[in-house]
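A.B. asks: Just dropping this structure here.
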Amino acid sequence: QVQLVESGGGLVQAGGSLRLSCAASGRHFSSYAMAWFRQAPGKEREVVAAISWNGGKTYYADSTKGRFTISRDNAKDTVYLQMDSLKPEDTAVYYCAVSVGYRGSYILPPKADDYDYWGQGTQVTVSS
């Protein structure tokens, strides 16, 4: 059974940092794009950052560019999201996801519908 398990969320003051981790089990995802999404109350789920199968290409939403860094360790089947200079508007539930539709490519799907496996989410709260 495929599982994605996020960790590292919590409460932090504005300007602080958090590092999220997402560990996969039940299947190896080293050939596929992975991404972090977030969803705030009353808002749609939005992509935060995405990374290609080998880490050679990354994508960031405009709201996170320059503050967040996505990375992956395929040997550990884990993807990370380093979040610096956090703002109250970053408060949301953060989800990791895997897209299996573009094996070995550098296509980074921006929409939630393009992702096939999801974690349960981890809450990030940034206080002002």
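Note on naming: chains are A, B, ... as they come in the structure tokens, residues start from 1 per chain, ligands start from 1 in the order shown.
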Leaving out region 46-63 of chain A and any residue of its chain fewer than 6 positions from it, which residues lie within 6 Å of it when counting only C-alpha atoms, given as a CSV table (one decimal) with N, CA and C atoms, in the first residue's frame?
C.D. replies:
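Contents of around04.csv, freshly written:
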chain,number,residue,atom,x,y,z
A,30,SER,N,11.2,7.4,-7.4
A,30,SER,CA,12.4,8.1,-7.9
A,30,SER,C,12.3,8.5,-9.3
A,31,SER,N,11.3,8.0,-10.1
A,31,SER,CA,11.2,8.3,-11.5
A,31,SER,C,10.1,9.4,-11.8
A,32,TYR,N,9.5,9.9,-10.7
A,32,TYR,CA,8.3,10.8,-10.9
A,32,TYR,C,8.5,12.1,-10.3
A,33,ALA,N,7.7,13.1,-10.8
A,33,ALA,CA,7.7,14.4,-10.2
A,33,ALA,C,6.9,14.4,-8.9
A,34,MET,N,7.4,15.2,-8.0
A,34,MET,CA,6.8,15.3,-6.7
A,34,MET,C,6.5,16.8,-6.4
A,35,ALA,N,5.6,17.1,-5.6
A,35,ALA,CA,5.2,18.5,-5.3
A,35,ALA,C,4.7,18.7,-3.9
A,36,TRP,N,4.7,19.9,-3.5
A,36,TRP,CA,4.1,20.3,-2.2
A,36,TRP,C,2.9,21.3,-2.6
A,37,PHE,N,1.8,21.0,-2.0
A,37,PHE,CA,0.6,21.9,-2.2
A,37,PHE,C,0.2,22.4,-0.8
A,38,ARG,N,-0.6,23.4,-0.8
A,38,ARG,CA,-1.1,23.9,0.5
A,38,ARG,C,-2.6,24.3,0.3
A,106,TYR,N,10.8,16.1,-17.4
A,106,TYR,CA,11.0,17.3,-16.6
A,106,TYR,C,9.7,18.1,-16.6
A.B. asks: What's the 6 Å shell around Tyr80 (chain A), counting only C-alpha atoms, without same-chain residues fewer than 5 positions away, as a short mmCIF file (atom, residue, chain, number, x, y, z; two decimals) with N, CA, C and O atoms, in the first residue's frame?
C.D. replies:
data_model
loop_
_atom_site.label_atom_id
_atom_site.label_comp_id
_atom_site.auth_asym_id
_atom_site.auth_seq_id
_atom_site.Cartn_x
_atom_site.Cartn_y
_atom_site.Cartn_z
N LEU A 20 9.69 20.85 6.13
CA LEU A 20 8.75 19.75 5.99
C LEU A 20 9.44 18.58 5.29
O LEU A 20 10.28 18.77 4.41
N SER A 21 9.05 17.39 5.70
CA SER A 21 9.53 16.17 5.06
C SER A 21 8.33 15.33 4.64
O SER A 21 7.28 15.38 5.28
N ILE A 70 12.55 23.40 -2.46
CA ILE A 70 12.15 22.00 -2.53
C ILE A 70 13.37 21.17 -2.92
O ILE A 70 14.21 21.59 -3.73
N SER A 71 13.48 19.99 -2.33
CA SER A 71 14.57 19.08 -2.65
C SER A 71 14.08 17.66 -2.44
O SER A 71 13.01 17.44 -1.86
N ARG A 72 14.87 16.70 -2.89
CA ARG A 72 14.47 15.31 -2.71
C ARG A 72 15.71 14.44 -2.54
O ARG A 72 16.79 14.78 -3.04
#
A.B. asks: So which residues of region 35-125 of chain A fall under helix (DSSP H, G or I) by DSSP, listed as a compact mmCIF listing (two decimals) with N, CA, C and O atoms, in the first residue's frame?
C.D. replies:
# COMPACT_ATOMS: atom_id res chain seq x y z
N ASN A 74 16.23 10.60 -3.37
CA ASN A 74 15.60 9.40 -3.93
C ASN A 74 16.04 8.13 -3.21
O ASN A 74 15.30 7.15 -3.18
N ALA A 75 17.21 8.14 -2.65
CA ALA A 75 17.67 6.96 -1.90
C ALA A 75 16.80 6.73 -0.67
O ALA A 75 16.68 5.60 -0.19
N LYS A 76 16.22 7.81 -0.16
CA LYS A 76 15.35 7.72 1.02
C LYS A 76 13.87 7.84 0.67
O LYS A 76 13.03 7.85 1.57
N PRO A 88 2.43 35.19 7.83
CA PRO A 88 1.13 34.69 8.28
C PRO A 88 0.30 34.11 7.13
O PRO A 88 -0.44 33.14 7.34
N GLU A 89 0.44 34.65 5.94
CA GLU A 89 -0.34 34.13 4.80
C GLU A 89 0.15 32.77 4.32
O GLU A 89 -0.47 32.16 3.45
N ASP A 90 1.24 32.27 4.87
CA ASP A 90 1.69 30.91 4.56
C ASP A 90 0.95 29.87 5.40
O ASP A 90 1.12 28.66 5.18
N ALA A 112 -3.54 20.18 -9.07
CA ALA A 112 -3.74 19.08 -8.13
C ALA A 112 -4.30 17.84 -8.83
O ALA A 112 -3.96 16.71 -8.47
N ASP A 113 -5.12 18.05 -9.85
CA ASP A 113 -5.72 16.91 -10.56
C ASP A 113 -4.70 16.04 -11.27
O ASP A 113 -4.99 14.89 -11.61
N ASP A 114 -3.51 16.57 -11.50
CA ASP A 114 -2.48 15.81 -12.20
C ASP A 114 -1.66 14.92 -11.26
O ASP A 114 -0.75 14.24 -11.71
A.B. asks: May I ask which of the residues A:Phe29, A:Ala14, A:Arg45, A:Tyr94 is the closest one to Asp116 (chain A), counting only C-alpha atoms?
C.D. replies: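 For Asp116 (chain A), the nearest of the given residues is A:Phe29.
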A.B. asks: Sorted by chain and rising residue number, list the residues of region 65-116 of chain A at most 10 Å from region 5-10 of chain A (counting only C-alpha atoms), each with its closest atom pair and distance in Å to one decimal, as CSV.
C.D. replies:
residue,atom,partner,partner_atom,distance
A:Thr78,CA,A:Val5,CA,9.4
A:Val79,CA,A:Glu6,CA,9.3
A:Tyr80,CA,A:Glu6,CA,9.3
A:Leu81,CA,A:Gly8,CA,9.4
A:Gln82,CA,A:Gly8,CA,9.9
A:Thr91,CA,A:Gly10,CA,9.9
A:Ala92,CA,A:Gly9,CA,9.9
A:Val93,CA,A:Gly9,CA,8.6
A:Tyr94,CA,A:Gly9,CA,8.1
A:Tyr95,CA,A:Glu6,CA,7.2
A:Cys96,CA,A:Glu6,CA,7.0
A.B. asks: Please, what distance in Å, to one decimal, runs between CA of Thr69 (chain A) and CA of Gly119 (chain A)?
C.D. replies: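 Computing it gives 18.9 Å between the two atoms.
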A.B. asks: Rounded to one decimal in Å, what is the spacing between CA of Lys87 (chain A) and CA of Lys111 (chain A)?
C.D. replies: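 A separation of 23.5 Å between them.
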A.B. asks: Could you tell me how far CA of Gln39 (chain A) lies from CA of Gln123 (chain A), in Å and to one decimal?
C.D. replies: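 Going from CA of Gln39 (chain A) over to CA of Gln123 (chain A), I get 9.6 Å.
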